file protein.cif (mmCIF, C-alpha atoms)
data_data
#
loop_
_atom_site.group_PDB
_atom_site.id
_atom_site.type_symbol
_atom_site.label_atom_id
_atom_site.label_comp_id
_atom_site.auth_asym_id
_atom_site.auth_seq_id
_atom_site.Cartn_x
_atom_site.Cartn_y
_atom_site.Cartn_z
ATOM 1 C CA MET A 1 35.432 10.182 -39.618
ATOM 2 C CA GLY A 2 33.257 13.185 -38.721
ATOM 3 C CA GLN A 3 30.221 11.494 -40.228
ATOM 4 C CA LYS A 4 30.835 8.396 -38.144
ATOM 5 C CA ILE A 5 30.696 10.415 -34.938
ATOM 6 C CA TYR A 6 27.388 11.924 -36.011
ATOM 7 C CA PHE A 7 26.024 8.529 -36.809
ATOM 8 C CA VAL A 8 26.893 7.338 -33.285
ATOM 9 C CA LEU A 9 25.387 10.511 -31.816
ATOM 10 C CA ALA A 10 22.221 10.031 -33.846
ATOM 11 C CA LEU A 11 21.930 6.477 -32.625
ATOM 12 C CA ALA A 12 22.449 7.548 -28.999
ATOM 13 C CA PHE A 13 19.850 10.274 -29.528
ATOM 14 C CA VAL A 14 17.248 7.791 -30.718
ATOM 15 C CA VAL A 15 17.958 5.415 -27.824
ATOM 16 C CA LEU A 16 17.704 8.195 -25.257
ATOM 17 C CA LEU A 17 14.558 9.561 -26.855
ATOM 18 C CA LEU A 18 12.929 6.143 -26.724
ATOM 19 C CA SER A 19 13.961 5.583 -23.121
ATOM 20 C CA SER A 20 12.553 8.949 -22.058
ATOM 21 C CA ILE A 21 9.280 8.137 -23.766
ATOM 22 C CA ALA A 22 9.218 4.804 -21.955
ATOM 23 C CA ASP A 23 9.824 6.656 -18.719
ATOM 24 C CA ALA A 24 6.931 9.003 -19.328
ATOM 25 C CA GLY A 25 4.165 6.576 -18.494
ATOM 26 C CA ASN A 26 4.484 3.459 -20.595
ATOM 27 C CA LEU A 27 4.172 0.029 -19.065
ATOM 28 C CA ASN A 28 7.274 -2.055 -18.527
ATOM 29 C CA ALA A 29 7.642 -5.428 -20.243
ATOM 30 C CA GLN A 30 6.248 -7.478 -17.341
ATOM 31 C CA MET A 31 3.212 -5.235 -17.019
ATOM 32 C CA GLN A 32 2.698 -5.273 -20.770
ATOM 33 C CA SER A 33 2.505 -9.051 -20.735
ATOM 34 C CA LEU A 34 -0.036 -8.894 -17.889
ATOM 35 C CA MET A 35 -2.088 -6.490 -20.024
ATOM 36 C CA ASP A 36 -1.737 -8.860 -22.991
ATOM 37 C CA LYS A 37 -3.070 -11.622 -20.780
ATOM 38 C CA TYR A 38 -5.997 -9.446 -19.705
ATOM 39 C CA MET A 39 -6.742 -8.789 -23.353
ATOM 40 C CA LYS A 40 -6.523 -12.452 -24.310
ATOM 41 C CA ASP A 41 -8.701 -13.513 -21.371
ATOM 42 C CA SER A 42 -11.317 -10.843 -22.001
ATOM 43 C CA GLY A 43 -11.432 -11.287 -25.764
ATOM 44 C CA VAL A 44 -11.573 -7.536 -26.419
ATOM 45 C CA LYS A 45 -9.415 -5.847 -29.043
ATOM 46 C CA SER A 46 -8.626 -2.742 -27.037
ATOM 47 C CA PHE A 47 -9.055 -1.347 -23.557
ATOM 48 C CA SER A 48 -11.028 1.769 -22.752
ATOM 49 C CA ALA A 49 -9.525 4.419 -20.499
ATOM 50 C CA GLU A 50 -12.991 5.960 -20.262
ATOM 51 C CA GLU A 51 -14.464 2.731 -18.872
ATOM 52 C CA GLY A 52 -11.542 2.511 -16.464
ATOM 53 C CA LYS A 53 -12.295 6.012 -15.235
ATOM 54 C CA LYS A 54 -15.966 5.114 -14.763
ATOM 55 C CA LEU A 55 -14.997 2.099 -12.692
ATOM 56 C CA TYR A 56 -12.713 4.255 -10.564
ATOM 57 C CA PHE A 57 -15.547 6.613 -9.681
ATOM 58 C CA LEU A 58 -18.344 4.024 -9.500
ATOM 59 C CA LYS A 59 -20.116 4.199 -6.150
ATOM 60 C CA ARG A 60 -22.079 1.258 -4.884
ATOM 61 C CA MET A 61 -23.782 0.108 -1.713
ATOM 62 C CA HIS A 62 -21.883 -2.694 0.012
ATOM 63 C CA SER A 63 -24.444 -5.410 0.698
ATOM 64 C CA GLU A 64 -23.047 -6.416 4.086
ATOM 65 C CA LYS A 65 -21.560 -3.187 5.361
ATOM 66 C CA LYS A 66 -24.595 -1.172 4.243
ATOM 67 C CA GLU A 67 -22.246 1.633 3.327
ATOM 68 C CA GLU A 68 -21.492 3.359 0.047
ATOM 69 C CA ILE A 69 -18.074 2.380 -1.216
ATOM 70 C CA SER A 70 -15.883 2.996 -4.263
ATOM 71 C CA CYS A 71 -12.237 3.172 -5.300
ATOM 72 C CA ILE A 72 -12.274 6.836 -4.309
ATOM 73 C CA SER A 73 -13.294 5.960 -0.734
ATOM 74 C CA CYS A 74 -9.588 5.304 -0.178
ATOM 75 C CA HIS A 75 -7.722 6.593 -3.255
ATOM 76 C CA MET A 76 -9.451 9.997 -3.451
ATOM 77 C CA ASP A 77 -11.087 11.810 -6.384
ATOM 78 C CA ASP A 78 -7.635 12.787 -7.503
ATOM 79 C CA PRO A 79 -5.383 9.700 -7.523
ATOM 80 C CA ALA A 80 -2.345 11.981 -7.576
ATOM 81 C CA LYS A 81 -3.101 12.801 -3.953
ATOM 82 C CA GLU A 82 -2.297 10.691 -0.913
ATOM 83 C CA GLY A 83 -5.110 8.319 -0.041
ATOM 84 C CA ARG A 84 -6.339 6.808 3.204
ATOM 85 C CA THR A 85 -7.438 3.289 4.049
ATOM 86 C CA LEU A 86 -10.804 2.773 5.724
ATOM 87 C CA VAL A 87 -9.073 2.670 9.110
ATOM 88 C CA GLY A 88 -7.096 5.824 8.440
ATOM 89 C CA LYS A 89 -3.649 4.719 7.309
ATOM 90 C CA PRO A 90 -2.151 6.887 4.557
ATOM 91 C CA ILE A 91 -1.798 5.371 1.082
ATOM 92 C CA ASP A 92 0.827 6.555 -1.392
ATOM 93 C CA PRO A 93 -0.731 8.176 -4.463
ATOM 94 C CA LEU A 94 -2.132 5.673 -6.965
ATOM 95 C CA SER A 95 -1.371 7.750 -10.030
ATOM 96 C CA PRO A 96 1.772 6.566 -11.855
ATOM 97 C CA ALA A 97 2.259 10.174 -12.958
ATOM 98 C CA VAL A 98 3.351 11.064 -9.428
ATOM 99 C CA ASN A 99 4.246 7.637 -8.064
ATOM 100 C CA LYS A 100 6.521 5.824 -10.484
ATOM 101 C CA GLU A 101 6.330 2.548 -8.560
ATOM 102 C CA ARG A 102 2.658 2.113 -9.420
ATOM 103 C CA PHE A 103 1.750 -0.446 -12.072
ATOM 104 C CA THR A 104 5.305 -1.764 -12.423
ATOM 105 C CA ASP A 105 4.966 -5.095 -10.586
ATOM 106 C CA PRO A 106 2.375 -7.545 -12.004
ATOM 107 C CA ASP A 107 2.211 -9.559 -8.761
ATOM 108 C CA LYS A 108 1.433 -6.448 -6.760
ATOM 109 C CA VAL A 109 -1.110 -5.256 -9.284
ATOM 110 C CA GLU A 110 -2.898 -8.613 -9.263
ATOM 111 C CA LYS A 111 -2.819 -8.827 -5.474
ATOM 112 C CA TRP A 112 -4.340 -5.387 -5.013
ATOM 113 C CA PHE A 113 -6.997 -5.926 -7.688
ATOM 114 C CA LYS A 114 -8.001 -9.067 -5.834
ATOM 115 C CA ARG A 115 -8.061 -7.341 -2.456
ATOM 116 C CA ASN A 116 -9.696 -4.114 -3.471
ATOM 117 C CA CYS A 117 -12.202 -5.491 -5.993
ATOM 118 C CA THR A 118 -13.593 -7.859 -3.377
ATOM 119 C CA GLY A 119 -13.612 -5.008 -0.872
ATOM 120 C CA VAL A 120 -15.490 -2.633 -3.134
ATOM 121 C CA PHE A 121 -17.438 -4.752 -5.632
ATOM 122 C CA GLU A 122 -17.766 -7.929 -3.536
ATOM 123 C CA ARG A 123 -16.320 -9.938 -6.428
ATOM 124 C CA GLU A 124 -13.113 -10.139 -8.384
ATOM 125 C CA CYS A 125 -12.722 -7.714 -11.265
ATOM 126 C CA THR A 126 -12.871 -9.045 -14.804
ATOM 127 C CA PRO A 127 -9.802 -8.996 -17.065
ATOM 128 C CA LYS A 128 -11.466 -6.240 -19.105
ATOM 129 C CA GLU A 129 -12.126 -4.108 -16.028
ATOM 130 C CA LYS A 130 -8.530 -4.510 -14.951
ATOM 131 C CA GLY A 131 -7.210 -3.638 -18.418
ATOM 132 C CA ASP A 132 -9.465 -0.588 -18.640
ATOM 133 C CA PHE A 133 -8.435 0.527 -15.174
ATOM 134 C CA VAL A 134 -4.695 0.270 -15.837
ATOM 135 C CA THR A 135 -5.141 2.010 -19.203
ATOM 136 C CA HIS A 136 -6.923 4.901 -17.501
ATOM 137 C CA MET A 137 -4.295 5.184 -14.771
ATOM 138 C CA MET A 138 -1.402 5.162 -17.228
ATOM 139 C CA LEU A 139 -2.916 8.069 -19.160
ATOM 140 C CA LEU A 140 -3.102 10.347 -16.120
ATOM 141 C CA GLN A 141 -0.841 13.366 -16.310
ATOM 142 C CA MET B 142 27.098 26.708 -43.633
ATOM 143 C CA LYS B 143 23.657 25.232 -43.586
ATOM 144 C CA PHE B 144 25.004 21.837 -42.579
ATOM 145 C CA LYS B 145 26.945 23.475 -39.765
ATOM 146 C CA ASN B 146 23.737 24.983 -38.339
ATOM 147 C CA ILE B 147 21.956 21.646 -38.452
ATOM 148 C CA LYS B 148 24.927 20.126 -36.687
ATOM 149 C CA LYS B 149 24.755 22.776 -33.971
ATOM 150 C CA THR B 150 21.014 22.340 -33.474
ATOM 151 C CA PHE B 151 21.407 18.605 -33.392
ATOM 152 C CA LEU B 152 24.129 18.822 -30.768
ATOM 153 C CA ALA B 153 22.028 21.185 -28.614
ATOM 154 C CA VAL B 154 19.007 18.856 -28.712
ATOM 155 C CA PHE B 155 21.223 15.908 -27.896
ATOM 156 C CA VAL B 156 22.689 17.646 -24.836
ATOM 157 C CA LEU B 157 19.206 18.644 -23.692
ATOM 158 C CA ILE B 158 17.830 15.106 -23.932
ATOM 159 C CA LEU B 159 20.911 13.735 -22.200
ATOM 160 C CA GLY B 160 20.407 16.209 -19.361
ATOM 161 C CA LEU B 161 16.737 15.321 -18.998
ATOM 162 C CA THR B 162 17.463 11.612 -18.949
ATOM 163 C CA ILE B 163 20.162 11.973 -16.316
ATOM 164 C CA SER B 164 17.890 14.096 -14.131
ATOM 165 C CA THR B 165 15.112 11.509 -14.425
ATOM 166 C CA PHE B 166 17.441 8.830 -13.101
ATOM 167 C CA VAL B 167 18.754 11.051 -10.334
ATOM 168 C CA PHE B 168 15.270 11.987 -9.118
ATOM 169 C CA ALA B 169 13.995 8.459 -9.478
ATOM 170 C CA ASP B 170 16.629 7.407 -6.960
ATOM 171 C CA GLU B 171 15.103 9.705 -4.373
ATOM 172 C CA ASP B 172 11.920 7.643 -4.428
ATOM 173 C CA GLU B 173 13.761 4.626 -3.111
ATOM 174 C CA GLU B 174 12.708 3.680 0.368
ATOM 175 C CA GLY B 175 15.233 4.180 3.083
ATOM 176 C CA ASP B 176 13.503 5.244 6.248
ATOM 177 C CA GLY B 177 16.650 4.837 8.277
ATOM 178 C CA HIS B 178 14.862 3.273 11.216
ATOM 179 C CA GLU B 179 16.826 0.919 13.341
ATOM 180 C CA ARG B 180 15.941 -2.662 12.657
ATOM 181 C CA HIS B 181 15.418 -5.177 15.401
ATOM 182 C CA GLU B 182 15.721 -8.882 14.936
ATOM 183 C CA ARG B 183 12.630 -10.941 14.290
ATOM 184 C CA GLY B 184 10.546 -11.294 17.404
ATOM 185 C CA GLY B 185 12.949 -9.073 19.299
ATOM 186 C CA ARG B 186 11.696 -7.186 22.295
ATOM 187 C CA ASN B 187 12.573 -3.591 22.674
ATOM 188 C CA GLU B 188 14.714 -2.435 25.548
ATOM 189 C CA GLY B 189 12.710 -0.643 28.183
ATOM 190 C CA GLU B 190 10.145 -1.821 30.608
ATOM 191 C CA GLY B 191 6.750 -3.084 29.606
ATOM 192 C CA ARG B 192 7.058 -2.428 25.897
ATOM 193 C CA ALA B 193 5.281 -4.581 23.381
ATOM 194 C CA ILE B 194 7.066 -6.588 20.764
ATOM 195 C CA ILE B 195 8.007 -4.746 17.593
ATOM 196 C CA PRO B 196 6.595 -6.751 14.683
ATOM 197 C CA GLU B 197 9.587 -7.724 12.597
ATOM 198 C CA ASN B 198 8.254 -10.567 10.510
ATOM 199 C CA THR B 199 8.574 -9.615 6.859
ATOM 200 C CA ALA B 200 5.460 -11.437 5.674
ATOM 201 C CA TYR B 201 3.376 -9.926 8.455
ATOM 202 C CA LYS B 202 4.716 -6.464 7.652
ATOM 203 C CA ASN B 203 4.351 -6.761 3.886
ATOM 204 C CA GLU B 204 0.861 -8.194 3.845
ATOM 205 C CA CYS B 205 -0.746 -6.319 6.730
ATOM 206 C CA SER B 206 0.793 -2.908 7.199
ATOM 207 C CA SER B 207 -0.324 -1.384 3.887
ATOM 208 C CA CYS B 208 -3.879 -1.205 5.176
ATOM 209 C CA HIS B 209 -3.549 -0.792 8.907
ATOM 210 C CA PHE B 210 -1.298 -0.224 11.889
ATOM 211 C CA LEU B 211 0.964 -3.215 12.434
ATOM 212 C CA TYR B 212 -0.745 -4.406 15.586
ATOM 213 C CA PRO B 213 1.480 -6.058 18.193
ATOM 214 C CA PRO B 214 0.721 -9.809 18.044
ATOM 215 C CA GLU B 215 0.491 -9.864 21.832
ATOM 216 C CA PHE B 216 -2.635 -7.716 21.768
ATOM 217 C CA LEU B 217 -4.781 -10.727 20.832
ATOM 218 C CA PRO B 218 -4.776 -14.330 22.021
ATOM 219 C CA LYS B 219 -3.727 -17.276 19.873
ATOM 220 C CA ARG B 220 -7.326 -18.330 19.247
ATOM 221 C CA SER B 221 -8.170 -14.902 17.771
ATOM 222 C CA TRP B 222 -5.255 -14.971 15.348
ATOM 223 C CA GLU B 223 -6.245 -18.463 14.263
ATOM 224 C CA VAL B 224 -9.780 -17.372 13.417
ATOM 225 C CA LEU B 225 -8.550 -14.198 11.703
ATOM 226 C CA MET B 226 -6.030 -15.981 9.528
ATOM 227 C CA LYS B 227 -8.406 -18.795 8.681
ATOM 228 C CA GLY B 228 -10.772 -16.147 7.360
ATOM 229 C CA SER B 229 -8.123 -14.199 5.443
ATOM 230 C CA ASP B 230 -10.172 -14.513 2.246
ATOM 231 C CA LYS B 231 -12.904 -12.524 4.006
ATOM 232 C CA HIS B 232 -10.860 -10.204 6.168
ATOM 233 C CA PHE B 233 -13.315 -7.451 7.062
ATOM 234 C CA TRP B 234 -14.853 -7.815 3.609
ATOM 235 C CA GLU B 235 -11.564 -7.996 1.733
ATOM 236 C CA ASN B 236 -9.858 -11.005 0.261
ATOM 237 C CA LEU B 237 -6.231 -10.742 1.363
ATOM 238 C CA ALA B 238 -5.229 -13.020 -1.525
ATOM 239 C CA LEU B 239 -2.524 -14.738 0.517
ATOM 240 C CA ASP B 240 -0.899 -17.902 -0.761
ATOM 241 C CA GLU B 241 -0.776 -20.794 1.671
ATOM 242 C CA LYS B 242 2.907 -20.405 2.485
ATOM 243 C CA THR B 243 2.607 -16.713 3.340
ATOM 244 C CA SER B 244 -0.563 -17.268 5.316
ATOM 245 C CA ASN B 245 1.065 -20.051 7.375
ATOM 246 C CA GLU B 246 4.140 -17.967 8.008
ATOM 247 C CA ILE B 247 2.089 -15.049 9.295
ATOM 248 C CA LEU B 248 -0.042 -17.283 11.493
ATOM 249 C CA SER B 249 3.024 -18.973 13.019
ATOM 250 C CA TYR B 250 4.535 -15.615 13.770
ATOM 251 C CA LEU B 251 1.332 -14.293 15.363
ATOM 252 C CA ILE B 252 0.899 -17.436 17.467
ATOM 253 C CA GLU B 253 4.529 -17.435 18.608
ATOM 254 C CA ASN B 254 4.043 -13.921 19.896
ATOM 255 C CA SER B 255 0.382 -13.897 20.953
ATOM 256 C CA ALA B 256 -1.023 -12.451 24.186
ATOM 257 C CA GLU B 257 -0.411 -15.681 26.087
ATOM 258 C CA ARG B 258 3.301 -15.239 25.438
ATOM 259 C CA GLY B 259 3.434 -11.470 25.608
ATOM 260 C CA ARG B 260 5.443 -9.982 28.425
ATOM 261 C CA SER B 261 4.164 -6.417 28.253
ATOM 262 C CA GLU B 262 1.652 -5.364 30.908
ATOM 263 C CA TRP B 263 -0.886 -4.734 28.149
ATOM 264 C CA ALA B 264 -0.798 -8.292 26.850
ATOM 265 C CA GLY B 265 -1.718 -9.628 30.291
ATOM 266 C CA LYS B 266 -4.421 -7.029 30.842
ATOM 267 C CA ILE B 267 -6.021 -7.625 27.449
ATOM 268 C CA LEU B 268 -5.972 -11.372 27.978
ATOM 269 C CA LYS B 269 -7.510 -11.083 31.423
ATOM 270 C CA SER B 270 -10.200 -8.689 30.207
ATOM 271 C CA ILE B 271 -11.512 -10.908 27.420
ATOM 272 C CA GLY B 272 -12.076 -14.014 29.515
ATOM 273 C CA SER B 273 -13.000 -16.896 27.245
ATOM 274 C CA ALA B 274 -14.087 -14.694 24.309
ATOM 275 C CA THR B 275 -12.411 -14.742 20.904
ATOM 276 C CA PRO B 276 -12.298 -11.083 19.816
ATOM 277 C CA LEU B 277 -11.428 -10.342 16.196
ATOM 278 C CA LYS B 278 -10.619 -6.725 16.875
ATOM 279 C CA ILE B 279 -8.175 -5.390 19.447
ATOM 280 C CA THR B 280 -10.412 -2.341 19.598
ATOM 281 C CA GLU B 281 -13.255 -4.465 20.945
ATOM 282 C CA THR B 282 -11.397 -5.952 23.891
ATOM 283 C CA PRO B 283 -12.680 -4.675 27.265
ATOM 284 C CA TYR B 284 -9.264 -3.497 28.443
ATOM 285 C CA ILE B 285 -8.569 -1.410 25.324
ATOM 286 C CA LEU B 286 -12.103 0.009 25.426
ATOM 287 C CA LYS B 287 -11.682 0.927 29.078
ATOM 288 C CA GLU B 288 -8.372 2.664 28.429
ATOM 289 C CA HIS B 289 -9.964 4.789 25.689
ATOM 290 C CA ARG B 290 -13.315 5.444 27.380
ATOM 291 C CA LYS B 291 -12.638 9.153 27.904
ATOM 292 C CA ILE B 292 -11.927 9.831 24.258
ATOM 293 C CA LYS B 293 -14.953 11.039 22.348
ATOM 294 C CA THR B 294 -15.970 9.282 19.133
ATOM 295 C CA ASP B 295 -15.461 12.510 17.164
ATOM 296 C CA VAL B 296 -11.770 12.500 18.001
ATOM 297 C CA PHE B 297 -11.268 9.222 16.141
ATOM 298 C CA LYS B 298 -12.968 10.727 13.104
ATOM 299 C CA ARG B 299 -10.431 13.529 12.799
ATOM 300 C CA LYS B 300 -8.760 13.580 9.407
ATOM 301 C CA SER B 301 -5.314 12.533 10.560
ATOM 302 C CA ILE B 302 -6.659 9.798 12.839
ATOM 303 C CA GLY B 303 -9.445 8.231 10.756
ATOM 304 C CA SER B 304 -10.525 5.495 13.129
ATOM 305 C CA PHE B 305 -10.092 3.889 16.531
ATOM 306 C CA SER B 306 -8.001 1.223 14.783
ATOM 307 C CA ASN B 307 -5.284 3.653 13.709
ATOM 308 C CA CYS B 308 -3.170 3.283 16.872
ATOM 309 C CA GLY B 309 -0.108 5.053 15.508
ATOM 310 C CA ALA B 310 -1.988 8.306 14.913
ATOM 311 C CA CYS B 311 -1.908 9.130 18.643
ATOM 312 C CA HIS B 312 0.516 6.566 20.083
ATOM 313 C CA THR B 313 3.486 8.305 18.540
ATOM 314 C CA LYS B 314 5.869 5.516 19.565
ATOM 315 C CA GLY B 315 3.366 2.721 18.995
ATOM 316 C CA ALA B 316 5.381 1.346 16.105
ATOM 317 C CA GLU B 317 8.224 0.905 18.588
ATOM 318 C CA GLY B 318 6.007 -1.034 20.969
ATOM 319 C CA ASP B 319 5.578 1.912 23.337
ATOM 320 C CA PHE B 320 1.962 2.599 24.266
ATOM 321 C CA GLU B 321 2.767 4.491 27.472
ATOM 322 C CA GLU B 322 0.730 7.591 28.283
ATOM 323 C CA ASP B 323 3.655 9.971 28.013
ATOM 324 C CA SER B 324 4.155 9.150 24.342
ATOM 325 C CA ILE B 325 0.560 9.915 23.395
ATOM 326 C CA SER B 326 -0.118 12.983 21.291
ATOM 327 C CA ILE B 327 -3.649 13.402 19.947
ATOM 328 C CA PRO B 328 -3.704 15.346 16.650
ATOM 329 C CA LYS B 329 -5.998 18.368 16.699
ATOM 330 C CA GLN B 330 -7.329 17.774 13.204
#

call {"tool": "encode", "arguments": {"input": "protein.cif", "output": "structure tokens"}}
result
Amino acid sequence: MGQKIYFVLALAFVVLLLSSIADAGNLNAQMQSLMDKYMKDSGVKSFSAEEGKKLYFLKRMHSEKKEEISCISCHMDDPAKEGRTLVGKPIDPLSPAVNKERFTDPDKVEKWFKRNCTGVFERECTPKEKGDFVTHMMLLQ
Amino acid sequence: MKFKNIKKTFLAVFVLILGLTISTFVFADEDEEGDGHERHERGGRNEGEGRAIIPENTAYKNECSSCHFLYPPEFLPKRSWEVLMKGSDKHFWENLALDEKTSNEILSYLIENSAERGRSEWAGKILKSIGSATPLKITETPYILKEHRKIKTDVFKRKSIGSFSNCGACHTKGAEGDFEEDSISIPKQ
């Protein structure tokens, strides 16, 4: 009888442990399938957080605006901080470490990649770039 | 004896994890949006003289307000909104990535409430000031420029303002359609 209770407790322990790990920065199922799609489309075997970080900080000259632009123009050097759009409207922090809503909705993620990649790089981002970027963001503490 | 200690340790760890998990859920709830602002019906005009329409269209709000102030539709004429929405894949160098349905819904809403139909004094003044032009920025219409002529360029560059396009930074009740002078407060920084 006593052993049975401990078995149930042990099982509950494992479930809770797993759910707290999932909470601490892992992608949800929908996002994981988007990442799987990125991987399939790009043909790479793994994503690089380092490359994602490079992309985040990459500054380039916008060919039409004639202004230097990058992800950090709006999202700041530290993505855990509040950002600002080019016209001055505040943006909630991009880092999932402080903003749990980030990188949970594949439609949103895709929409903002499309918007912001064309805004900064004047083209859409590649599946590899997107995978690297998300990987980098998810590793932020 | 030994087994008893393991049991105790195990129980302590279990309680700790349980506590942490519960607190995670409790705090996560606090992130939920609930700004408590009074909602007005779609296209509803606020009580009070001369106020502009409060944008209530969900598609317009969702797709446009993340980047900029939710401009009152009556601050530009129909023809401007048509050009802007037609070019939504190159909206000031960004592709808004709108599907056709959403794009049409936003355009209909903007047209239904454009300057020609606006009843606020500002709608009429903006419309009159632009003549036959098709401005793509409210901030480039002669009436709006005239009203802001005394404000130095540096003021718009202040950290909490950012740009001339960020209406709500100084028009503290702008989101409620009130652009009267007595509700203006220019941030010092």

call {"tool": "interface_residues", "arguments": {"input": "protein.cif", "of": "chain A", "to": "chain B", "cutoff": "7 Å", "atoms": "all atoms listed in the file", "output": "PyMOL selection string"}}
result
chain A and resi 13+20+85+87-89+111+114-116+118-119

call {"tool": "closest_residue", "arguments": {"input": "protein.cif", "among": "A:Lys100, A:His136, A:Arg60, A:Lys53", "to": "Val120 in chain A", "atoms": "only C-alpha atoms"}}
result
A:Arg60

call {"tool": "resolve_selection", "arguments": {"input": "protein.cif", "expression": "the PyMOL selection byres ((chain A and resi 105-109) around 7)", "output": "VMD selection string"}}
result
chain A and resid 30 to 31 34 103 to 104 110 to 113

call {"tool": "resolve_selection", "arguments": {"input": "protein.cif", "expression": "the PyMOL selection byres ((chain A and resi 79) around 9)", "output": "PDB file with C-alpha atoms, keeping the file's coordinate frame"}}
result
ATOM      1  CA  ILE A  72     -12.274   6.836  -4.309  1.00  0.00           C
ATOM      2  CA  HIS A  75      -7.722   6.593  -3.255  1.00  0.00           C
ATOM      3  CA  MET A  76      -9.451   9.997  -3.451  1.00  0.00           C
ATOM      4  CA  ASP A  77     -11.087  11.810  -6.384  1.00  0.00           C
ATOM      5  CA  ASP A  78      -7.635  12.787  -7.503  1.00  0.00           C
ATOM      6  CA  ALA A  80      -2.345  11.981  -7.576  1.00  0.00           C
ATOM      7  CA  LYS A  81      -3.101  12.801  -3.953  1.00  0.00           C
ATOM      8  CA  GLU A  82      -2.297  10.691  -0.913  1.00  0.00           C
ATOM      9  CA  GLY A  83      -5.110   8.319  -0.041  1.00  0.00           C
ATOM     10  CA  PRO A  93      -0.731   8.176  -4.463  1.00  0.00           C
ATOM     11  CA  LEU A  94      -2.132   5.673  -6.965  1.00  0.00           C
ATOM     12  CA  SER A  95      -1.371   7.750 -10.030  1.00  0.00           C
ATOM     13  CA  PRO A  96       1.772   6.566 -11.855  1.00  0.00           C
ATOM     14  CA  MET A 137      -4.295   5.184 -14.771  1.00  0.00           C
ATOM     15  CA  LEU A 140      -3.102  10.347 -16.120  1.00  0.00           C
TER      16      LEU A 140
END

call {"tool": "atom_distance", "arguments": {"input": "protein.cif", "atom1": "CA of Gln330 in chain B", "atom2": "CA of Thr280 in chain B"}}
result
21.3 Å

call {"tool": "axis_aligned_box", "arguments": {"input": "protein.cif", "around": "range 204-209 of chain B", "padding_each_side": "6 Å", "output": "JSON"}}
result
{"center_x": -1.5, "center_y": -4.5, "center_z": 6.4, "size_x": 16.7, "size_y": 19.4, "size_z": 17.1}

call {"tool": "residues_around", "arguments": {"input": "protein.cif", "residues": "Ala193 in chain B", "least_positions_apart": "6", "cutoff": "10 Å", "atoms": "only C-alpha atoms", "output": "list in words"}}
result
Gly185, Arg186, Asn187, Tyr212, Pro213, Pro214, Glu215, Phe216, Gly259, Arg260, Ser261, Glu262, Trp263, Ala264, Gly315, Ala316, Glu317, Gly318, Asp319 and Phe320 of chain B

call {"tool": "write_last_selection", "arguments": {"input": "protein.cif", "atoms": "C-alpha atoms", "output": "mmCIF file, in the coordinates of the input"}}
result
data_model
loop_
_atom_site.group_PDB
_atom_site.id
_atom_site.type_symbol
_atom_site.label_atom_id
_atom_site.label_comp_id
_atom_site.auth_asym_id
_atom_site.auth_seq_id
_atom_site.Cartn_x
_atom_site.Cartn_y
_atom_site.Cartn_z
ATOM 1 C CA GLY B 185 12.949 -9.073 19.299
ATOM 2 C CA ARG B 186 11.696 -7.186 22.295
ATOM 3 C CA ASN B 187 12.573 -3.591 22.674
ATOM 4 C CA TYR B 212 -0.745 -4.406 15.586
ATOM 5 C CA PRO B 213 1.480 -6.058 18.193
ATOM 6 C CA PRO B 214 0.721 -9.809 18.044
ATOM 7 C CA GLU B 215 0.491 -9.864 21.832
ATOM 8 C CA PHE B 216 -2.635 -7.716 21.768
ATOM 9 C CA GLY B 259 3.434 -11.470 25.608
ATOM 10 C CA ARG B 260 5.443 -9.982 28.425
ATOM 11 C CA SER B 261 4.164 -6.417 28.253
ATOM 12 C CA GLU B 262 1.652 -5.364 30.908
ATOM 13 C CA TRP B 263 -0.886 -4.734 28.149
ATOM 14 C CA ALA B 264 -0.798 -8.292 26.850
ATOM 15 C CA GLY B 315 3.366 2.721 18.995
ATOM 16 C CA ALA B 316 5.381 1.346 16.105
ATOM 17 C CA GLU B 317 8.224 0.905 18.588
ATOM 18 C CA GLY B 318 6.007 -1.034 20.969
ATOM 19 C CA ASP B 319 5.578 1.912 23.337
ATOM 20 C CA PHE B 320 1.962 2.599 24.266
#

call {"tool": "closest_residue", "arguments": {"input": "protein.cif", "among": "A:Val134, A:Phe121, A:Gln141, A:Gln3", "to": "His62 in chain A", "atoms": "all atoms listed in the file"}}
result
A:Phe121

call {"tool": "atom_distance", "arguments": {"input": "protein.cif", "atom1": "CA of Leu217 in chain B", "atom2": "CA of Ile279 in chain B"}}
result
6.5 Å

call {"tool": "atom_distance", "arguments": {"input": "protein.cif", "atom1": "CA of Pro196 in chain B", "atom2": "CA of Glu246 in chain B"}}
result
13.3 Å

call {"tool": "closest_residue", "arguments": {"input": "protein.cif", "among": "A:Ala29, A:Leu86, A:Ser73, A:Ser42", "to": "Tyr56 in chain A", "atoms": "only C-alpha atoms"}}
result
A:Ser73

call {"tool": "closest_residue", "arguments": {"input": "protein.cif", "among": "A:Glu122, A:Asn28, A:Ala49, A:Lys130", "to": "Lys65 in chain A", "atoms": "only C-alpha atoms"}}
result
A:Glu122

call {"tool": "resolve_selection", "arguments": {"input": "protein.cif", "expression": "the PyMOL selection byres ((chain A and resi 46) around 12)", "output": "ChimeraX atom specification"}}
result
/A:35-36,38-40,42-45,47-51,127-129,131-132,135

call {"tool": "closest_residue", "arguments": {"input": "protein.cif", "among": "B:Ser270, B:Gly265, B:Ala200, B:Lys278", "to": "Lys242 in chain B", "atoms": "all atoms listed in the file"}}
result
B:Ala200
